[in-house]
Each structure stands twice: as structure tokens, then as C-alpha cells.
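Pasting input.pdb here (PDB, C-alpha atoms):
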```
ATOM      1  CA  MET B   1      91.684 164.514 127.732
ATOM      2  CA  SER B   2      89.454 163.283 130.527
ATOM      3  CA  LEU B   3      89.637 159.690 131.713
ATOM      4  CA  SER B   4      86.042 159.078 130.632
ATOM      5  CA  ARG B   5      86.819 160.181 127.047
ATOM      6  CA  ALA B   6      90.076 158.279 126.769
ATOM      7  CA  PRO B   7      90.241 155.122 124.601
ATOM      8  CA  ARG B   8      89.760 151.909 126.566
ATOM      9  CA  ARG B   9      93.432 150.880 126.343
ATOM     10  CA  THR B  10      94.530 154.344 127.472
ATOM     11  CA  ARG B  11      92.068 154.275 130.377
ATOM     12  CA  ARG B  12      93.457 150.920 131.545
ATOM     13  CA  THR B  13      97.004 152.288 131.395
ATOM     14  CA  LEU B  14      96.055 155.447 133.283
ATOM     15  CA  VAL B  15      94.283 153.446 135.974
ATOM     16  CA  ALA B  16      97.273 151.104 136.406
ATOM     17  CA  VAL B  17      99.697 154.031 136.619
ATOM     18  CA  GLY B  18      97.410 155.754 139.101
ATOM     19  CA  MET B  19      97.274 152.671 141.318
ATOM     20  CA  LEU B  20     101.046 152.311 141.330
ATOM     21  CA  SER B  21     101.462 156.014 142.079
ATOM     22  CA  ALA B  22      99.054 155.722 144.982
ATOM     23  CA  ALA B  23     100.984 152.738 146.256
ATOM     24  CA  ALA B  24     104.220 154.694 146.059
ATOM     25  CA  LEU B  25     102.681 157.455 148.148
ATOM     26  CA  THR B  26     101.254 154.996 150.669
ATOM     27  CA  LEU B  27     104.411 152.937 151.098
ATOM     28  CA  SER B  28     106.640 154.849 153.481
ATOM     29  CA  ALA B  29     110.200 154.945 152.252
ATOM     30  CA  CYS B  30     112.960 154.058 154.668
ATOM     31  CA  GLY B  31     111.177 153.979 157.944
ATOM     32  CA  GLY B  32     107.595 153.102 158.609
ATOM     33  CA  ASP B  33     105.694 152.980 161.838
ATOM     34  CA  ASP B  34     104.900 150.260 164.285
ATOM     35  CA  ASN B  35     101.343 151.270 165.098
ATOM     36  CA  GLY B  36      99.945 148.001 163.800
ATOM     37  CA  LYS B  37      97.438 149.497 161.402
ATOM     38  CA  SER B  38      96.667 147.390 158.362
ATOM     39  CA  GLY B  39      96.067 149.329 155.180
ATOM     40  CA  GLY B  40      93.404 148.697 152.590
ATOM     41  CA  GLY B  41      90.357 148.298 154.808
ATOM     42  CA  GLY B  42      88.597 145.042 155.573
ATOM     43  CA  GLN B  43      88.442 143.136 158.827
ATOM     44  CA  THR B  44      91.653 142.836 160.799
ATOM     45  CA  ASN B  45      92.340 140.061 163.306
ATOM     46  CA  PHE B  46      95.899 140.783 164.325
ATOM     47  CA  VAL B  47      97.608 141.878 167.514
ATOM     48  CA  THR B  48     100.658 144.155 167.702
ATOM     49  CA  ASN B  49     103.068 143.646 170.590
ATOM     50  CA  THR B  50     105.094 146.354 172.296
ATOM     51  CA  GLY B  51     108.018 145.630 169.979
ATOM     52  CA  GLY B  52     105.975 146.640 166.944
ATOM     53  CA  ILE B  53     105.510 143.124 165.558
ATOM     54  CA  SER B  54     101.972 142.203 164.506
ATOM     55  CA  THR B  55     100.769 138.594 164.556
ATOM     56  CA  VAL B  56      97.651 136.693 163.551
ATOM     57  CA  ALA B  57      96.265 133.619 165.335
ATOM     58  CA  LYS B  58      96.632 130.426 163.346
ATOM     59  CA  GLY B  59      92.942 129.958 162.581
ATOM     60  CA  GLU B  60      92.487 133.538 161.329
ATOM     61  CA  ARG B  61      95.315 133.814 158.803
ATOM     62  CA  THR B  62      94.947 134.574 155.107
ATOM     63  CA  ALA B  63      97.085 133.435 152.200
ATOM     64  CA  PRO B  64      98.787 136.096 150.076
ATOM     65  CA  ASN B  65      98.005 136.595 146.424
ATOM     66  CA  ASP B  66     100.543 135.599 143.781
ATOM     67  CA  ILE B  67     104.057 136.689 144.709
ATOM     68  CA  ALA B  68     106.192 135.533 141.822
ATOM     69  CA  GLY B  69     108.552 136.899 139.223
ATOM     70  CA  GLU B  70     112.195 137.218 138.259
ATOM     71  CA  THR B  71     114.959 137.368 140.838
ATOM     72  CA  LEU B  72     117.899 139.749 140.721
ATOM     73  CA  GLU B  73     119.863 136.832 139.243
ATOM     74  CA  GLY B  74     117.304 136.422 136.450
ATOM     75  CA  LYS B  75     115.718 133.202 137.728
ATOM     76  CA  ARG B  76     111.996 132.490 138.113
ATOM     77  CA  LEU B  77     110.724 132.304 141.693
ATOM     78  CA  ASP B  78     107.187 131.674 142.965
ATOM     79  CA  VAL B  79     106.654 131.997 146.725
ATOM     80  CA  ALA B  80     103.733 129.541 146.493
ATOM     81  CA  ASP B  81     106.257 126.801 145.685
ATOM     82  CA  LEU B  82     107.742 127.239 149.176
ATOM     83  CA  LYS B  83     104.579 126.128 150.965
ATOM     84  CA  GLY B  84     105.429 123.657 153.736
ATOM     85  CA  LYS B  85     108.136 125.932 155.113
ATOM     86  CA  VAL B  86     108.097 129.170 157.070
ATOM     87  CA  VAL B  87     108.780 131.946 154.529
ATOM     88  CA  VAL B  88     110.348 135.276 155.484
ATOM     89  CA  LEU B  89     109.570 138.050 152.981
ATOM     90  CA  ASN B  90     111.731 141.141 153.405
ATOM     91  CA  VAL B  91     110.964 144.349 151.482
ATOM     92  CA  TRP B  92     114.152 146.338 150.867
ATOM     93  CA  GLY B  93     116.017 148.723 148.583
ATOM     94  CA  SER B  94     119.732 149.286 148.139
ATOM     95  CA  TRP B  95     119.222 153.020 148.689
ATOM     96  CA  CYS B  96     117.528 152.540 152.080
ATOM     97  CA  SER B  97     119.611 153.181 155.230
ATOM     98  CA  PRO B  98     117.445 151.081 157.611
ATOM     99  CA  CYS B  99     117.651 148.243 155.072
ATOM    100  CA  ARG B 100     121.425 148.399 155.297
ATOM    101  CA  ALA B 101     121.201 148.412 159.098
ATOM    102  CA  GLU B 102     119.166 145.203 159.223
ATOM    103  CA  ALA B 103     120.865 143.353 156.349
ATOM    104  CA  LYS B 104     123.602 141.772 158.486
ATOM    105  CA  HIS B 105     120.977 140.378 160.857
ATOM    106  CA  PHE B 106     118.976 138.838 158.019
ATOM    107  CA  ALA B 107     122.121 137.326 156.533
ATOM    108  CA  LYS B 108     123.131 135.794 159.882
ATOM    109  CA  VAL B 109     119.717 134.364 160.750
ATOM    110  CA  ALA B 110     119.247 132.968 157.236
ATOM    111  CA  LYS B 111     122.623 131.214 157.450
ATOM    112  CA  ASP B 112     121.975 129.966 160.991
ATOM    113  CA  LEU B 113     118.609 128.473 160.001
ATOM    114  CA  LYS B 114     119.810 126.884 156.771
ATOM    115  CA  GLY B 115     118.602 123.298 156.598
ATOM    116  CA  GLN B 116     115.593 123.993 158.795
ATOM    117  CA  ASP B 117     112.052 124.561 157.507
ATOM    118  CA  VAL B 118     112.666 128.230 156.698
ATOM    119  CA  GLU B 119     113.118 130.066 153.412
ATOM    120  CA  PHE B 120     114.029 133.734 153.007
ATOM    121  CA  VAL B 121     112.953 135.786 149.992
ATOM    122  CA  GLY B 122     113.706 139.454 149.465
ATOM    123  CA  LEU B 123     111.387 141.850 147.640
ATOM    124  CA  ASN B 124     113.713 144.435 146.137
ATOM    125  CA  THR B 125     111.878 147.644 145.282
ATOM    126  CA  ARG B 126     112.543 151.119 143.876
ATOM    127  CA  ASP B 127     115.922 150.207 142.476
ATOM    128  CA  PRO B 128     115.682 151.390 138.841
ATOM    129  CA  ASN B 129     118.257 148.806 137.756
ATOM    130  CA  LYS B 130     119.576 145.612 139.277
ATOM    131  CA  GLN B 131     123.250 146.453 139.714
ATOM    132  CA  PRO B 132     123.041 148.459 142.978
ATOM    133  CA  ALA B 133     120.771 145.771 144.449
ATOM    134  CA  ILE B 134     123.128 142.965 143.428
ATOM    135  CA  ALA B 135     126.054 144.899 144.920
ATOM    136  CA  PHE B 136     124.061 145.336 148.150
ATOM    137  CA  GLU B 137     123.529 141.577 148.429
ATOM    138  CA  GLU B 138     127.220 140.919 147.801
ATOM    139  CA  ASP B 139     128.330 143.538 150.349
ATOM    140  CA  TYR B 140     126.177 142.063 153.122
ATOM    141  CA  GLY B 141     126.554 138.406 152.190
ATOM    142  CA  ILE B 142     122.841 137.872 151.615
ATOM    143  CA  PRO B 143     122.507 134.107 150.974
ATOM    144  CA  TYR B 144     118.937 134.051 149.614
ATOM    145  CA  PRO B 145     117.230 135.310 146.429
ATOM    146  CA  SER B 146     115.296 138.533 145.984
ATOM    147  CA  LEU B 147     112.463 139.145 143.560
ATOM    148  CA  TYR B 148     113.112 142.267 141.486
ATOM    149  CA  ASP B 149     110.094 144.550 141.959
ATOM    150  CA  PRO B 150     111.211 148.081 141.006
ATOM    151  CA  GLN B 151     107.677 149.508 140.732
ATOM    152  CA  GLY B 152     106.298 147.785 143.815
ATOM    153  CA  LYS B 153     103.715 145.707 141.941
ATOM    154  CA  LEU B 154     104.258 142.631 144.105
ATOM    155  CA  ILE B 155     103.924 144.752 147.232
ATOM    156  CA  LEU B 156     100.742 146.398 145.965
ATOM    157  CA  PHE B 157      98.981 143.347 144.539
ATOM    158  CA  GLY B 158     100.589 140.479 146.459
ATOM    159  CA  PHE B 159      98.809 141.012 149.771
ATOM    160  CA  PRO B 160      94.994 141.023 150.195
ATOM    161  CA  LYS B 161      93.290 144.047 151.714
ATOM    162  CA  GLY B 162      92.891 143.885 155.454
ATOM    163  CA  THR B 163      95.864 141.556 155.942
ATOM    164  CA  LEU B 164      99.301 142.231 157.374
ATOM    165  CA  ASN B 165     100.633 143.851 154.219
ATOM    166  CA  PRO B 166     103.973 145.662 153.916
ATOM    167  CA  GLN B 167     103.536 149.423 154.253
ATOM    168  CA  ALA B 168     107.091 150.638 154.666
ATOM    169  CA  ILE B 169     110.617 150.078 153.451
ATOM    170  CA  PRO B 170     111.901 147.983 155.096
ATOM    171  CA  SER B 171     109.012 145.692 155.989
ATOM    172  CA  THR B 172     109.061 142.011 156.852
ATOM    173  CA  VAL B 173     106.144 139.608 156.436
ATOM    174  CA  VAL B 174     106.397 135.983 157.597
ATOM    175  CA  LEU B 175     104.239 133.189 156.182
ATOM    176  CA  ASP B 176     103.485 130.037 158.165
ATOM    177  CA  LYS B 177     104.024 126.520 156.831
ATOM    178  CA  GLU B 178     100.561 126.590 155.237
ATOM    179  CA  GLY B 179     101.607 129.609 153.211
ATOM    180  CA  LYS B 180      99.459 132.060 155.178
ATOM    181  CA  ILE B 181     100.383 135.496 156.521
ATOM    182  CA  ALA B 182     101.274 135.119 160.191
ATOM    183  CA  ALA B 183     103.445 138.080 161.242
ATOM    184  CA  ARG B 184     104.620 141.497 160.093
ATOM    185  CA  SER B 185     107.075 144.209 161.076
ATOM    186  CA  LEU B 186     107.156 147.734 159.589
ATOM    187  CA  MET B 187     110.641 148.587 160.788
ATOM    188  CA  ALA B 188     114.255 147.488 160.562
ATOM    189  CA  LEU B 189     114.806 144.325 162.600
ATOM    190  CA  ASP B 190     117.690 143.106 164.707
ATOM    191  CA  GLU B 191     118.487 139.425 165.104
ATOM    192  CA  LYS B 192     116.391 138.984 168.267
ATOM    193  CA  LYS B 193     113.218 140.476 166.782
ATOM    194  CA  LEU B 194     113.632 138.598 163.508
ATOM    195  CA  ARG B 195     113.980 135.292 165.329
ATOM    196  CA  SER B 196     110.919 136.133 167.439
ATOM    197  CA  MET B 197     108.838 136.246 164.245
ATOM    198  CA  ILE B 198     110.168 132.938 162.921
ATOM    199  CA  GLU B 199     110.640 130.577 165.862
ATOM    200  CA  PRO B 200     107.000 130.345 167.049
ATOM    201  CA  LEU B 201     105.961 129.391 163.515
ATOM    202  CA  LEU B 202     108.608 126.666 163.305
ATOM    203  CA  LYS B 203     107.061 125.075 166.406
ATOM    204  CA  GLU B 204     103.530 125.015 165.016
ATOM    205  CA  LYS B 205     102.118 121.634 164.085
TER     206      LYS B 205
END
```
If you convert what's in this file into C-alpha cells, what do you get?
Amino acid sequence: MSLSRAPRRTRRTLVAVGMLSAAALTLSACGGDDNGKSGGGGQTNFVTNTGGISTVAKGERTAPNDIAGETLEGKRLDVADLKGKVVVLNVWGSWCSPCRAEAKHFAKVAKDLKGQDVEFVGLNTRDPNKQPAIAFEEDYGIPYPSLYDPQGKLILFGFPKGTLNPQAIPSTVVLDKEGKIAARSLMALDEKKLRSMIEPLLKEK
């Protein structure tokens, strides 16, 4: 049956499945590059440094779309509610070796910055059930919540085209205190690089 002859409900389902499949092909699993390209077209106003971290000047930043849902612990979380703080969004999966390599650094920095104007939120993806992801967080002492996004819907729809959107697993996107996309990395981060994405935003007025 062709898409044009399919019933309307079926067409909508096929289109949605096709979009998610395309996203799965686009999102590089366990790796990613640091060439600074932003997917999805549109105008880009960011700069990528030699360490592979892309940043946007304060006056040129864009807010993400809705990034909300259920955490691995079954609680409701909406990233928009964290506006007023720097927000670190880390895309990860329990099956991903680079994610395991960077997890200890994220846990340490999150604990060190507790009580400051910083919130960490994980975006757990491609884990077909929650148990391996929950075990991952326990193993590495992750002190912050993760939204459960097994099909990558938040990754696909949560970031406007032409912005610093996550394109790899792991990826890290940092929002400024106004809730706008300010920095991105498409690789596993150590403590030094992670802090370099956060600290300039904490100093912004």
C-alpha cells in the first residue's frame, strides 16, 4: 500500500515512524564528531573551538522546544521549569562505552557544583527498558535525574533546526540562565572540558 493511498491515521503513523527512523540514522551512536556542523539546516551562529566545543554568543541564542517527560524514577520533569539556572543536558545510553567513560566526570562536577546555579539532566536514549539505565546511574553515582527517551523523541523534537542540537551519543548541550542553547559537545567529556562549558555561563549577568 502506498503512502498516498493509506488511511489518514495510518499515514500519520508511517510519517512519525519514518521521522524517528531517520533520526536514529542521523544520530551517531557512541562517538560523534567534533566538526561543529549543526544538523537540520537554517542559519547557524556558533563557533567551535579546537577542543570540539561549540558556543553561541549571548545575543544570538535560541531556546529549545519542549524537553519534558518521565524520568527513570517515574517522576515528571520539565526542563523549562529550571529556567534561571545553567542547565546541562547530557545524552547517554547504558550500552554506550564513551558514556561510561565520561560518567564519573559528570557525577563529580554535578556534586561539586551542588548548591550553585546549575542543574544537570540526563537524556537516556536507546535503552529498551529502564533497568540497565538505572543500574548505570547507581554504578557511577549519578546524582541527578534523567528523562527516559528510548526512541529519541526528545532529541529529535526538542531542539530547533539550525541550533546546537545533539547529534551523537554521548552529546552534551548546555542552556544559559535564560533557558537558551549556549554550548554543545558531540563527544565524551572529561572534567576540564565539562567545566569549560559551564563556568562562563555561571558568570554571565
Can you pull out every residue within 9 Å of Trp95 in chain B, counting all atoms listed in the file, but drop anything in the same chain fewer than 4 positions away, and send it as a list in words?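 Counting only the stated atoms, we get Cys30, Cys99, Arg100, Arg126, Asp127, Pro132 and Ala133 of chain B.
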If you count only C-alpha atoms, which residues fall within 8 Å of Ser146 in chain B, apart from same-chain ones fewer than 2 positions away, as a list in words? Thr71, Leu72, Val121, Gly122, Leu123, Asn124, Tyr144 and Tyr148 of chain B
Step by step, work through what the PyMOL selection byres ((chain B and resi 153-158) around 7) selects in the shown file, and finish by giving those residues as a PDB file with C-alpha atoms, in the frame of the given file.
```pdb
ATOM      1  CA  ALA B  23     100.984 152.738 146.256  1.00  0.00           C
ATOM      2  CA  PRO B  64      98.787 136.096 150.076  1.00  0.00           C
ATOM      3  CA  ASN B  65      98.005 136.595 146.424  1.00  0.00           C
ATOM      4  CA  ASP B  66     100.543 135.599 143.781  1.00  0.00           C
ATOM      5  CA  ILE B  67     104.057 136.689 144.709  1.00  0.00           C
ATOM      6  CA  ASP B 149     110.094 144.550 141.959  1.00  0.00           C
ATOM      7  CA  GLN B 151     107.677 149.508 140.732  1.00  0.00           C
ATOM      8  CA  GLY B 152     106.298 147.785 143.815  1.00  0.00           C
ATOM      9  CA  PHE B 159      98.809 141.012 149.771  1.00  0.00           C
ATOM     10  CA  PRO B 160      94.994 141.023 150.195  1.00  0.00           C
ATOM     11  CA  PRO B 166     103.973 145.662 153.916  1.00  0.00           C
TER      12      PRO B 166
END
```
- Tell me which residues the PyMOL selection byres ((chain B and resi 92) around 7) grabs here, as a PyMOL selection string. chain B and resi 90-91+93-94+99+123-125+169-170
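The residue that comes closest to Lys58 in chain B, out of B:Phe46, B:Val87, B:Arg76, B:Leu82 and on the basis of only C-alpha atoms, is B:Phe46.
When all atoms listed in the file are used to measure the gap to Lys205 in chain B, the shortest distance among B:Glu178, B:Glu119, B:Glu102, B:Glu137 belongs to B:Glu178.
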Counting all atoms listed in the file, the residue among B:Thr172, B:Ser196, B:Ser54, B:Ser185 that lies closest to Phe120 in chain B is B:Thr172
A straight line from CA of Ile142 in chain B to CA of Leu175 in chain B spans 19.7 Å
Taking (95.6, 131.1, 156.5) as a centre in this file's frame and 8 Å as the limit, can you find every polymer residue with an atom that close, using only C-alpha atoms, and give them as a PDB file with C-alpha atoms, in the frame of the given file?
```
ATOM      1  CA  LYS B  58      96.632 130.426 163.346  1.00  0.00           C
ATOM      2  CA  GLY B  59      92.942 129.958 162.581  1.00  0.00           C
ATOM      3  CA  GLU B  60      92.487 133.538 161.329  1.00  0.00           C
ATOM      4  CA  ARG B  61      95.315 133.814 158.803  1.00  0.00           C
ATOM      5  CA  THR B  62      94.947 134.574 155.107  1.00  0.00           C
ATOM      6  CA  ALA B  63      97.085 133.435 152.200  1.00  0.00           C
ATOM      7  CA  GLU B 178     100.561 126.590 155.237  1.00  0.00           C
ATOM      8  CA  GLY B 179     101.607 129.609 153.211  1.00  0.00           C
ATOM      9  CA  LYS B 180      99.459 132.060 155.178  1.00  0.00           C
ATOM     10  CA  ILE B 181     100.383 135.496 156.521  1.00  0.00           C
ATOM     11  CA  ALA B 182     101.274 135.119 160.191  1.00  0.00           C
TER      12      ALA B 182
END
```
Could you state the separation of CA of Ala57 in chain B and CA of Glu204 in chain B in Å, given to one decimal place?
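Those two atoms sit 11.3 Å apart.
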Show which residues sit within 12 Å of Glu199 in chain B, as a list in words. Count all atoms listed in the file, and ignore same-chain residues fewer than 3 positions away.
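With the cut-off at 12 Å, the set is Lys85, Val86, Val87, Val88, Val109, Leu113, Gln116, Asp117, Val118, Val174, Leu175, Asp176, Lys177, Ala182, Ala183, Glu191, Lys192, Lys193, Leu194, Arg195, Ser196, Leu202, Lys203 and Glu204 of chain B.
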CA of Gly52 in chain B to CA of Asp112 in chain B measures 23.9 Å
